[in-house]
>>> print(open('target-v3.txt').read())   # compact mmCIF, C-alpha atoms and all ligand atoms
# COMPACT_ATOMS: atom_id res chain seq x y z
CA VAL A 1 38.57 0.15 -0.52
CA ALA A 2 37.46 3.01 -2.76
CA SER A 3 37.47 6.40 -1.09
CA ARG A 4 34.53 8.72 -0.80
CA SER A 5 34.22 11.79 -2.97
CA THR A 6 33.28 14.87 -1.02
CA ILE A 7 30.64 17.29 -2.28
CA SER A 8 29.78 20.55 -0.53
CA THR A 9 26.55 22.46 -0.64
CA GLN A 10 24.60 24.82 1.58
CA VAL A 11 21.44 22.75 2.02
CA ALA A 12 21.31 18.97 1.55
CA ILE A 13 17.78 17.90 0.69
CA VAL A 14 16.93 14.23 1.16
CA GLY A 15 13.97 13.30 -1.05
CA GLY A 16 12.97 14.41 -4.55
CA GLY A 17 9.20 14.58 -4.14
CA PRO A 18 7.24 17.83 -4.37
CA ALA A 19 8.42 19.17 -0.97
CA GLY A 20 12.14 18.66 -1.59
CA LEU A 21 12.02 19.80 -5.20
CA LEU A 22 10.04 22.94 -4.37
CA LEU A 23 12.37 23.85 -1.50
CA SER A 24 15.39 23.44 -3.76
CA HIS A 25 13.69 25.55 -6.45
CA LEU A 26 12.88 28.35 -3.96
CA LEU A 27 16.39 28.27 -2.51
CA ARG A 28 17.94 28.55 -5.97
CA ARG A 29 15.83 31.64 -6.63
CA SER A 30 17.21 33.12 -3.40
CA GLY A 31 20.77 32.36 -4.45
CA ILE A 32 21.18 29.43 -2.05
CA ASP A 33 22.82 26.26 -3.25
CA SER A 34 21.26 22.87 -2.54
CA VAL A 35 21.56 19.23 -3.64
CA VAL A 36 18.53 16.93 -3.83
CA LEU A 37 19.10 13.20 -3.23
CA GLU A 38 16.44 10.69 -4.32
CA LEU A 39 16.40 6.91 -3.84
CA ARG A 40 14.21 6.20 -6.85
CA ASP A 41 14.83 6.99 -10.48
CA ARG A 42 13.42 9.93 -12.41
CA GLU A 43 10.80 7.77 -14.12
CA TYR A 44 9.37 6.67 -10.77
CA ALA A 45 9.25 10.24 -9.46
CA ILE A 46 7.26 11.36 -12.48
CA LYS A 47 4.92 8.37 -12.67
CA ARG A 48 3.92 7.99 -9.03
CA VAL A 49 0.17 8.52 -8.74
CA ARG A 50 -0.72 10.86 -5.91
CA ALA A 51 -3.08 13.65 -4.96
CA GLY A 52 -4.74 16.06 -7.31
CA VAL A 53 -5.95 19.20 -5.56
CA LEU A 54 -3.99 22.42 -5.00
CA GLU A 55 -5.22 24.98 -2.51
CA GLU A 56 -5.54 28.54 -3.74
CA ASP A 57 -2.33 29.66 -1.99
CA ALA A 58 -0.39 26.63 -3.22
CA ALA A 59 -1.38 27.43 -6.81
CA ARG A 60 -0.51 31.10 -6.26
CA LEU A 61 2.92 30.25 -4.86
CA LEU A 62 3.75 27.92 -7.77
CA THR A 63 2.66 30.66 -10.19
CA GLU A 64 4.73 33.33 -8.44
CA VAL A 65 7.89 31.24 -8.67
CA GLY A 66 7.59 30.52 -12.37
CA LEU A 67 5.83 27.15 -12.20
CA GLY A 68 2.35 28.21 -13.27
CA ASP A 69 2.35 27.86 -17.07
CA ARG A 70 1.04 24.32 -17.41
CA LEU A 71 -0.97 24.61 -14.21
CA HIS A 72 -3.02 27.40 -15.75
CA LYS A 73 -3.23 25.75 -19.16
CA GLU A 74 -3.93 22.15 -18.21
CA GLY A 75 -5.18 22.45 -14.63
CA GLN A 76 -8.81 23.19 -13.88
CA ARG A 77 -10.03 25.80 -11.43
CA HIS A 78 -12.79 24.34 -9.28
CA ASP A 79 -15.13 26.76 -7.55
CA GLY A 80 -16.83 24.19 -5.32
CA ILE A 81 -17.46 20.53 -4.47
CA TYR A 82 -20.49 18.32 -3.96
CA LEU A 83 -21.33 16.60 -0.70
CA GLN A 84 -23.70 13.68 -1.10
CA TYR A 85 -25.64 11.79 1.56
CA ALA A 86 -28.95 9.94 1.75
CA GLY A 87 -28.85 9.76 -2.05
CA VAL A 88 -28.99 13.55 -2.53
CA ARG A 89 -26.17 15.71 -3.90
CA HIS A 90 -25.56 19.17 -2.39
CA HIS A 91 -23.36 21.82 -3.94
CA ILE A 92 -20.91 23.78 -1.79
CA PRO A 93 -20.09 26.90 -3.86
CA PHE A 94 -16.64 27.91 -2.53
CA ARG A 95 -16.31 31.03 -4.61
CA GLU A 96 -19.70 32.41 -3.64
CA LEU A 97 -19.12 31.55 -0.01
CA VAL A 98 -15.53 32.66 0.55
CA GLY A 99 -14.30 34.06 -2.77
CA ARG A 100 -11.71 31.32 -3.20
CA SER A 101 -11.15 28.24 -5.35
CA VAL A 102 -8.88 25.22 -5.67
CA TRP A 103 -6.99 23.86 -8.67
CA LEU A 104 -7.20 20.32 -9.98
CA TYR A 105 -3.63 19.63 -11.05
CA SER A 106 -1.98 16.42 -10.01
CA GLN A 107 1.10 16.00 -7.89
CA GLN A 108 2.75 14.18 -10.79
CA GLU A 109 2.39 17.31 -12.92
CA VAL A 110 3.76 19.53 -10.14
CA VAL A 111 6.76 17.19 -9.87
CA LYS A 112 7.24 17.21 -13.65
CA ASP A 113 7.25 21.02 -13.74
CA LEU A 114 9.75 21.15 -10.88
CA ILE A 115 12.09 18.62 -12.50
CA GLU A 116 11.97 20.56 -15.75
CA ALA A 117 12.88 23.76 -13.90
CA HIS A 118 15.78 21.98 -12.21
CA ASP A 119 17.01 20.57 -15.50
CA ALA A 120 16.78 23.99 -17.14
CA ALA A 121 18.80 25.52 -14.29
CA GLY A 122 21.43 22.79 -14.59
CA THR A 123 20.77 21.47 -11.08
CA PRO A 124 19.04 18.11 -11.62
CA PRO A 125 18.32 15.98 -8.54
CA ARG A 126 20.65 13.02 -7.98
CA TYR A 127 18.52 9.94 -8.63
CA SER A 128 18.96 6.27 -7.65
CA VAL A 129 21.14 6.96 -4.64
CA SER A 130 21.42 4.31 -1.94
CA ASP A 131 22.74 3.70 1.59
CA MET A 132 22.00 7.18 2.84
CA GLN A 133 23.20 7.99 6.32
CA LEU A 134 22.98 11.27 8.22
CA ASP A 135 25.75 12.40 10.58
CA ASN A 136 26.73 15.45 12.65
CA LEU A 137 23.21 16.80 12.85
CA VAL A 138 23.82 18.54 16.17
CA ASP A 139 27.56 19.24 16.28
CA GLY A 140 29.96 19.87 13.44
CA SER A 141 29.03 19.94 9.77
CA PRO A 142 25.94 17.95 8.88
CA THR A 143 26.85 15.20 6.45
CA VAL A 144 24.86 12.84 4.27
CA ARG A 145 26.79 9.79 3.14
CA PHE A 146 25.37 7.94 0.17
CA SER A 147 26.27 5.78 -2.80
CA GLN A 148 25.37 6.34 -6.41
CA GLY A 149 26.29 3.91 -9.14
CA ARG A 150 29.50 2.34 -7.85
CA GLU A 151 30.70 5.50 -6.13
CA ASP A 152 30.51 6.54 -2.50
CA PHE A 153 29.92 10.16 -1.62
CA GLU A 154 29.93 12.44 1.36
CA LEU A 155 27.71 15.50 1.04
CA ILE A 156 28.66 18.21 3.52
CA ALA A 157 26.15 20.99 4.15
CA ASP A 158 25.10 23.72 6.58
CA PHE A 159 21.68 22.10 6.97
CA VAL A 160 19.96 18.84 6.09
CA VAL A 161 16.29 18.82 5.10
CA GLY A 162 14.26 15.63 5.42
CA ALA A 163 11.81 15.54 2.53
CA ASP A 164 11.91 11.77 2.15
CA GLY A 165 8.47 10.85 3.35
CA ALA A 166 7.11 8.46 5.95
CA HIS A 167 9.59 5.66 5.21
CA GLY A 168 12.73 7.71 4.66
CA VAL A 169 15.93 7.93 6.72
CA CYS A 170 15.25 11.43 8.09
CA ARG A 171 12.22 10.83 10.29
CA PRO A 172 14.03 8.20 12.42
CA SER A 173 17.14 10.41 12.56
CA ILE A 174 15.43 12.41 15.30
CA PRO A 175 16.08 10.24 18.39
CA GLU A 176 13.04 8.91 20.22
CA THR A 177 14.14 10.74 23.35
CA ASN A 178 13.99 14.08 21.55
CA LYS A 179 10.48 13.87 20.18
CA LYS A 180 6.90 12.88 20.70
CA THR A 181 4.99 11.21 17.90
CA TYR A 182 1.23 11.00 17.46
CA THR A 183 -0.63 8.47 15.33
CA ARG A 184 -4.16 7.46 14.47
CA GLU A 185 -4.98 4.44 12.34
CA TYR A 186 -8.26 4.23 10.47
CA PRO A 187 -10.08 0.92 10.12
CA PHE A 188 -10.35 1.34 6.36
CA GLY A 189 -8.46 2.30 3.24
CA TRP A 190 -9.25 3.77 -0.16
CA LEU A 191 -9.39 1.72 -3.30
CA GLY A 192 -8.47 4.23 -6.00
CA ILE A 193 -8.74 3.94 -9.75
CA LEU A 194 -7.71 6.00 -12.74
CA ALA A 195 -9.87 5.45 -15.82
CA HIS A 196 -9.86 6.69 -19.39
CA VAL A 197 -13.28 8.30 -19.31
CA LYS A 198 -14.62 11.84 -19.28
CA PRO A 199 -15.59 12.75 -15.69
CA SER A 200 -19.31 12.36 -15.06
CA THR A 201 -19.27 15.50 -12.90
CA ASP A 202 -18.01 19.07 -13.22
CA GLU A 203 -16.74 19.20 -9.62
CA LEU A 204 -15.58 16.61 -7.07
CA ILE A 205 -18.24 14.49 -5.34
CA TYR A 206 -17.70 13.30 -1.76
CA ALA A 207 -20.39 10.76 -0.87
CA LEU A 208 -21.39 9.09 2.38
CA HIS A 209 -23.35 5.92 1.69
CA GLU A 210 -24.53 3.12 3.99
CA ARG A 211 -22.00 0.87 2.28
CA GLY A 212 -19.19 3.35 2.85
CA PHE A 213 -17.55 6.43 1.39
CA ALA A 214 -17.11 7.01 -2.33
CA MET A 215 -15.62 9.85 -4.27
CA HIS A 216 -15.44 11.09 -7.84
CA SER A 217 -12.41 13.19 -8.75
CA MET A 218 -10.66 13.77 -12.06
CA ARG A 219 -7.33 14.42 -13.72
CA SER A 220 -8.41 15.93 -17.05
CA ASN A 221 -11.34 16.02 -19.47
CA SER A 222 -10.59 12.43 -20.41
CA VAL A 223 -9.26 10.90 -17.18
CA SER A 224 -11.36 10.24 -14.08
CA ARG A 225 -10.10 9.40 -10.60
CA LEU A 226 -12.49 7.56 -8.29
CA TYR A 227 -12.26 6.11 -4.80
CA LEU A 228 -14.13 3.60 -2.65
CA GLN A 229 -13.80 3.04 1.08
CA VAL A 230 -12.72 -0.59 1.59
CA ASP A 231 -11.20 -2.74 4.28
CA PRO A 232 -7.46 -1.92 4.37
CA HIS A 233 -6.64 -5.63 4.08
CA GLU A 234 -8.92 -6.10 1.11
CA ASN A 235 -7.38 -8.18 -1.66
CA ILE A 236 -7.35 -6.03 -4.76
CA ALA A 237 -7.46 -9.14 -6.96
CA GLU A 238 -11.03 -9.61 -5.75
CA TRP A 239 -12.02 -6.26 -7.19
CA SER A 240 -12.67 -6.76 -10.88
CA ASP A 241 -13.25 -3.64 -12.94
CA GLU A 242 -16.92 -4.51 -13.13
CA ARG A 243 -17.24 -4.92 -9.38
CA ILE A 244 -15.56 -1.53 -8.84
CA TRP A 245 -17.89 0.27 -11.26
CA ASP A 246 -20.94 -1.49 -9.81
CA GLU A 247 -19.98 -0.41 -6.29
CA LEU A 248 -19.26 3.15 -7.43
CA ASP A 249 -22.66 3.17 -9.14
CA ILE A 250 -24.37 2.19 -5.91
CA ARG A 251 -22.54 4.64 -3.64
CA LEU A 252 -22.43 7.62 -6.00
CA GLY A 253 -25.78 7.06 -7.69
CA THR A 254 -28.52 9.69 -7.68
CA PRO A 255 -31.73 9.64 -9.71
CA GLY A 256 -31.26 10.84 -13.29
CA TRP A 257 -27.44 10.78 -13.14
CA THR A 258 -25.21 8.28 -14.91
CA LEU A 259 -21.67 7.34 -13.99
CA GLU A 260 -19.82 6.79 -17.28
CA ARG A 261 -17.46 3.82 -17.28
CA GLY A 262 -14.13 3.53 -19.05
CA GLU A 263 -10.94 1.52 -19.17
CA ILE A 264 -9.31 1.35 -15.72
CA PHE A 265 -5.55 1.80 -16.12
CA ASP A 266 -4.45 2.12 -12.50
CA LYS A 267 -5.85 0.43 -9.41
CA SER A 268 -4.53 0.44 -5.83
CA ILE A 269 -5.52 0.26 -2.18
CA THR A 270 -4.09 2.80 0.27
CA PRO A 271 -4.46 2.35 4.02
CA MET A 272 -5.30 5.52 5.93
CA HIS A 273 -3.67 7.01 8.95
CA SER A 274 -2.60 10.24 10.61
CA PHE A 275 0.86 10.94 12.00
CA VAL A 276 2.71 13.90 13.51
CA SER A 277 6.31 14.18 14.70
CA ASP A 278 6.94 16.95 17.23
CA PRO A 279 9.33 18.70 16.82
CA MET A 280 9.99 18.98 13.09
CA ARG A 281 13.59 19.95 13.81
CA TYR A 282 16.60 18.29 15.40
CA GLY A 283 19.78 20.37 15.44
CA LYS A 284 20.49 21.18 11.82
CA LEU A 285 17.94 18.71 10.45
CA PHE A 286 14.54 20.06 9.43
CA LEU A 287 11.62 17.85 8.37
CA ILE A 288 9.15 18.92 5.69
CA GLY A 289 6.11 17.14 4.23
CA ASP A 290 5.33 13.49 4.86
CA SER A 291 8.55 12.90 6.81
CA ALA A 292 6.99 15.03 9.57
CA HIS A 293 3.29 14.36 9.21
CA ILE A 294 0.70 12.28 7.39
CA VAL A 295 -2.95 13.17 6.94
CA PRO A 296 -5.71 10.90 5.64
CA PRO A 297 -6.53 11.83 2.02
CA THR A 298 -10.08 13.08 2.65
CA GLY A 299 -9.83 16.78 1.85
CA ALA A 300 -6.59 16.42 -0.15
CA LYS A 301 -4.27 18.22 2.25
CA GLY A 302 -1.05 16.15 2.14
CA LEU A 303 0.53 17.78 -0.92
CA ASN A 304 -0.57 21.26 0.16
CA LEU A 305 0.95 20.80 3.63
CA ALA A 306 4.21 19.65 2.07
CA LEU A 307 4.39 22.69 -0.23
CA ALA A 308 3.53 25.00 2.69
CA ASP A 309 6.34 23.51 4.82
CA ALA A 310 8.83 23.92 1.99
CA SER A 311 7.84 27.54 1.46
CA TYR A 312 8.03 28.40 5.16
CA LEU A 313 11.37 26.66 5.69
CA HIS A 314 12.72 28.48 2.64
CA ASP A 315 11.86 31.81 4.27
CA GLY A 316 13.71 30.83 7.45
CA LEU A 317 16.77 29.66 5.54
CA ALA A 318 16.78 32.76 3.33
CA ALA A 319 16.71 35.01 6.43
CA TRP A 320 19.57 33.03 7.97
CA TYR A 321 21.71 33.22 4.84
CA GLY A 322 20.66 36.83 4.24
CA ASN A 323 21.66 38.47 7.51
CA GLY A 324 22.19 35.71 10.05
CA ASP A 325 18.64 36.06 11.41
CA GLU A 326 17.98 32.74 13.17
CA ARG A 327 14.46 33.41 14.31
CA GLY A 328 12.76 31.95 11.25
CA LEU A 329 14.60 28.67 11.74
CA ASP A 330 13.97 28.73 15.49
CA GLU A 331 10.25 29.26 14.96
CA TYR A 332 9.94 26.83 12.08
CA SER A 333 8.88 23.75 14.02
CA GLU A 334 6.47 25.38 16.45
CA LYS A 335 4.71 27.56 13.89
CA SER A 336 4.50 24.77 11.32
CA LEU A 337 3.08 22.38 13.89
CA GLU A 338 0.35 24.83 14.88
CA ARG A 339 -0.68 24.89 11.25
CA VAL A 340 -0.28 21.12 10.88
CA TRP A 341 -2.65 20.44 13.76
CA LYS A 342 -5.32 22.68 12.27
CA ILE A 343 -5.08 20.67 9.09
CA GLN A 344 -5.02 17.39 11.02
CA HIS A 345 -8.32 18.55 12.47
CA PHE A 346 -9.79 19.32 9.05
CA SER A 347 -8.69 15.97 7.60
CA THR A 348 -9.97 14.07 10.64
CA TRP A 349 -13.26 15.95 10.56
CA MET A 350 -13.82 15.22 6.87
CA THR A 351 -12.78 11.58 7.33
CA ARG A 352 -15.09 10.98 10.29
CA MET A 353 -18.00 12.78 8.69
CA LEU A 354 -17.85 10.82 5.45
CA HIS A 355 -16.78 7.23 6.21
CA ARG A 356 -18.68 4.30 7.56
CA PHE A 357 -17.24 3.26 10.92
CA ASP A 358 -18.07 0.25 13.00
CA GLU A 359 -17.62 -0.43 16.68
CA SER A 360 -15.10 -3.23 16.31
CA GLY A 361 -12.78 -0.98 14.39
CA SER A 362 -12.96 -3.27 11.39
CA PHE A 363 -14.88 -2.11 8.41
CA GLY A 364 -17.57 -4.23 6.86
CA GLN A 365 -20.16 -6.58 8.26
CA ALA A 366 -19.94 -5.53 11.88
CA ASP A 367 -18.10 -8.63 13.14
CA GLY A 368 -18.47 -8.46 16.87
CA ALA A 369 -19.83 -4.94 16.69
CA ASN A 370 -23.24 -3.97 17.95
CA PRO A 371 -25.13 -3.06 14.76
CA ASP A 372 -27.31 -0.63 16.70
CA ASN A 373 -24.24 1.46 17.56
CA VAL A 374 -23.02 1.37 13.98
CA ASP A 375 -26.37 2.62 12.73
CA PHE A 376 -26.41 5.26 15.46
CA ASP A 377 -23.08 6.64 14.24
CA HIS A 378 -24.32 6.68 10.67
CA HIS A 379 -27.38 8.72 11.64
CA VAL A 380 -25.22 11.14 13.62
CA GLN A 381 -23.21 11.65 10.43
CA LEU A 382 -26.39 12.33 8.47
CA GLY A 383 -27.43 14.86 11.13
CA GLN A 384 -24.03 16.52 10.85
CA LEU A 385 -24.13 16.69 7.05
CA ARG A 386 -27.68 18.05 7.02
CA GLN A 387 -26.79 20.82 9.46
CA LEU A 388 -23.73 21.71 7.44
CA CYS A 389 -25.51 21.85 4.09
CA GLU A 390 -28.52 23.72 5.42
CA SER A 391 -26.40 26.50 6.89
CA GLU A 392 -24.55 29.10 4.84
CA ARG A 393 -22.12 29.52 7.71
CA GLY A 394 -21.64 25.77 7.90
CA MET A 395 -20.85 25.56 4.21
CA ALA A 396 -18.60 28.64 4.41
CA HIS A 397 -16.62 26.95 7.18
CA LEU A 398 -16.00 23.94 4.96
CA ALA A 399 -15.19 26.18 1.98
CA GLU A 400 -12.69 28.22 3.97
CA ARG A 401 -10.85 25.17 5.20
CA TYR A 402 -10.97 23.23 1.93
CA THR A 403 -9.57 26.10 -0.14
CA GLY A 404 -6.81 26.37 2.45
CA LEU A 405 -5.24 28.26 5.31
CA PRO A 406 -2.81 31.01 4.31
CA PHE A 407 0.77 29.80 3.83
CA LEU A 408 3.05 30.94 6.65
CA ARG A 409 5.70 33.54 5.78
CA TYR A 410 8.85 34.61 7.62
CA PRO A 411 9.33 37.40 8.44
CA SER A 412 5.58 37.55 8.94
CA ALA A 413 3.71 40.42 7.31
CA GLU A 414 2.84 42.30 10.53
C1 LIG A 501 -7.67 13.07 -5.97
O1 LIG A 501 -8.06 13.62 -7.01
O2 LIG A 501 -6.81 12.18 -5.99
C2 LIG A 501 -8.23 13.50 -4.68
C3 LIG A 501 -9.07 14.61 -4.66
C4 LIG A 501 -9.63 15.01 -3.45
C5 LIG A 501 -9.36 14.30 -2.30
C6 LIG A 501 -8.52 13.21 -2.33
C7 LIG A 501 -7.96 12.82 -3.52
O3 LIG A 501 -9.94 14.69 -1.14
>>> encode(input="target-v3.txt", output="structure tokens")
Amino acid sequence: VASRSTISTQVAIVGGGPAGLLLSHLLRRSGIDSVVLELRDREYAIKRVRAGVLEEDAARLLTEVGLGDRLHKEGQRHDGIYLQYAGVRHHIPFRELVGRSVWLYSQQEVVKDLIEAHDAAGTPPRYSVSDMQLDNLVDGSPTVRFSQGREDFELIADFVVGADGAHGVCRPSIPETNKKTYTREYPFGWLGILAHVKPSTDELIYALHERGFAMHSMRSNSVSRLYLQVDPHENIAEWSDERIWDELDIRLGTPGWTLERGEIFDKSITPMHSFVSDPMRYGKLFLIGDSAHIVPPTGAKGLNLALADASYLHDGLAAWYGNGDERGLDEYSEKSLERVWKIQHFSTWMTRMLHRFDESGSFGQADGANPDNVDFDHHVQLGQLRQLCESERGMAHLAERYTGLPFLRYPSAE
């Protein structure tokens, strides 16, 4: 039996997505050593299609830590969004309302920039690892055992950080008896496409239509990203390109506006749910990003939450390594969760305001549902949207939340 090679580091980071890579980048800048382990290969990490909106503070943080070059060159600053209902499009001017903006720059690009920074620093993530197992999280030295190629390793660290998402090994490493979890399933999913076509809008359009939610986002001047609310069990094979464009036309259409069509080069259906694990810490294991919480995509908060967690945990670790101050680490879970629940509220609010629900919990032709109730809910949504768009304070509330809560810092500024 081959023996295990032992590697030592200060912080073992499980997961090479944006949360894990950013944390490792921030730690390196603070002189703290870390190793990032990733199940997939580099290609997968770079190609995975994900979110596209950075809050103002997320973009500022990336810029401050040397990751802003391409973001400012290739990303687009957006000063507002459109909300559409009853066939009319309303502009919400973020910058006028709250003096803040967001950046359209996709998660893939953030990941690419982070990987490049890691390569340049000579600390590339370890890709294609398998059989990860966490030990000694409470007593002794935390250890991550894993295999890579034909070799078996033992990574010994002061702390382990779970940045490996909803299906990783870290989330279930907190025993059931030591946590409470919260979930909410939605009776629909998003069918998302990427298409080679210039966006037909200057800013994102979120539309509530009788047939369900639709959205127009973008990735660049020549790539559009669009979404349709569908049944989560919908068979994607039944959605031809033409059917998708026709449905987008119906739900996004307004008089005098044309949705330009182009070649669809990516098509997928994502179910929607919310999840929170409380606490986000167990002994020397800390969870960041999707391993700790999931938000529905309406409002684009998932990536931003993950970056905020990484930044806040970095501060706690830097204080601990700096002068043994444990308070940042002790406060990490509680303070992060307070912030997480505010963002769960925002994502839930946006989701409920903009999607078509039915009584039976299954989307579509109200099987078993009372159609009167379904229509009632739809009209309540229209009432809600009208109040919001007719009130400067209503719009400012949305603008403030969409452009993002301040990132937490330890030690806090006061
Ligand atoms: C996206 O561009 O993928 C996107 C934008 C805004 C959202 C969700 C997704 O609310």
>>> residues_near_ligand(input="target-v3.txt", ligand="ligand LIG 501 (chain A)", cutoff="8 Å", atoms="all atoms listed in the file", output="list of chain:residue names")
A:Arg50, A:Ala51, A:Gly52, A:Val53, A:Leu104, A:Ser106, A:Leu204, A:Tyr206, A:Met215, A:His216, A:Ser217, A:Met218, A:Arg219, A:Arg225, A:Leu226, A:Pro297, A:Thr298, A:Gly299, A:Ala300, A:Lys301
>>> residues_near_point(input="target-v3.txt", point="(10.1, 9.9, 3.4)", cutoff="12 Å", atoms="all atoms listed in the file", output="ChimeraX atom specification")
/A:13-20,37-40,161-173,287-294,306
>>> write_last_selection(input="target-v3.txt", atoms="C-alpha atoms", output="compact mmCIF listing (two decimals), keeping the file's coordinate frame")
# COMPACT_ATOMS: atom_id res chain seq x y z
CA ILE A 13 17.78 17.90 0.69
CA VAL A 14 16.93 14.23 1.16
CA GLY A 15 13.97 13.30 -1.05
CA GLY A 16 12.97 14.41 -4.55
CA GLY A 17 9.20 14.58 -4.14
CA PRO A 18 7.24 17.83 -4.37
CA ALA A 19 8.42 19.17 -0.97
CA GLY A 20 12.14 18.66 -1.59
CA LEU A 37 19.10 13.20 -3.23
CA GLU A 38 16.44 10.69 -4.32
CA LEU A 39 16.40 6.91 -3.84
CA ARG A 40 14.21 6.20 -6.85
CA VAL A 161 16.29 18.82 5.10
CA GLY A 162 14.26 15.63 5.42
CA ALA A 163 11.81 15.54 2.53
CA ASP A 164 11.91 11.77 2.15
CA GLY A 165 8.47 10.85 3.35
CA ALA A 166 7.11 8.46 5.95
CA HIS A 167 9.59 5.66 5.21
CA GLY A 168 12.73 7.71 4.66
CA VAL A 169 15.93 7.93 6.72
CA CYS A 170 15.25 11.43 8.09
CA ARG A 171 12.22 10.83 10.29
CA PRO A 172 14.03 8.20 12.42
CA SER A 173 17.14 10.41 12.56
CA LEU A 287 11.62 17.85 8.37
CA ILE A 288 9.15 18.92 5.69
CA GLY A 289 6.11 17.14 4.23
CA ASP A 290 5.33 13.49 4.86
CA SER A 291 8.55 12.90 6.81
CA ALA A 292 6.99 15.03 9.57
CA HIS A 293 3.29 14.36 9.21
CA ILE A 294 0.70 12.28 7.39
CA ALA A 306 4.21 19.65 2.07
>>> closest_residue(input="target-v3.txt", among="A:Asp119, A:Asp158, A:Glu151, A:Asp57", to="Val11 in chain A", atoms="all atoms listed in the file")
A:Asp158
>>> residues_around(input="target-v3.txt", residues="Trp103 in chain A", least_positions_apart="6", cutoff="8 Å", atoms="all atoms listed in the file", output="list in words")
Val53, Leu54, Glu55, Glu56, Ala59, Gly75, Gln76, Arg77 and His78 of chain A
>>> closest_residue(input="target-v3.txt", among="A:Gly253, A:Gly404, A:Gly322, A:Gly262", to="Leu208 in chain A", atoms="only C-alpha atoms")
A:Gly253
>>> atom_distance(input="target-v3.txt", atom1="CA of Ile46 in chain A", atom2="CA of Glu116 in chain A")
10.8 Å
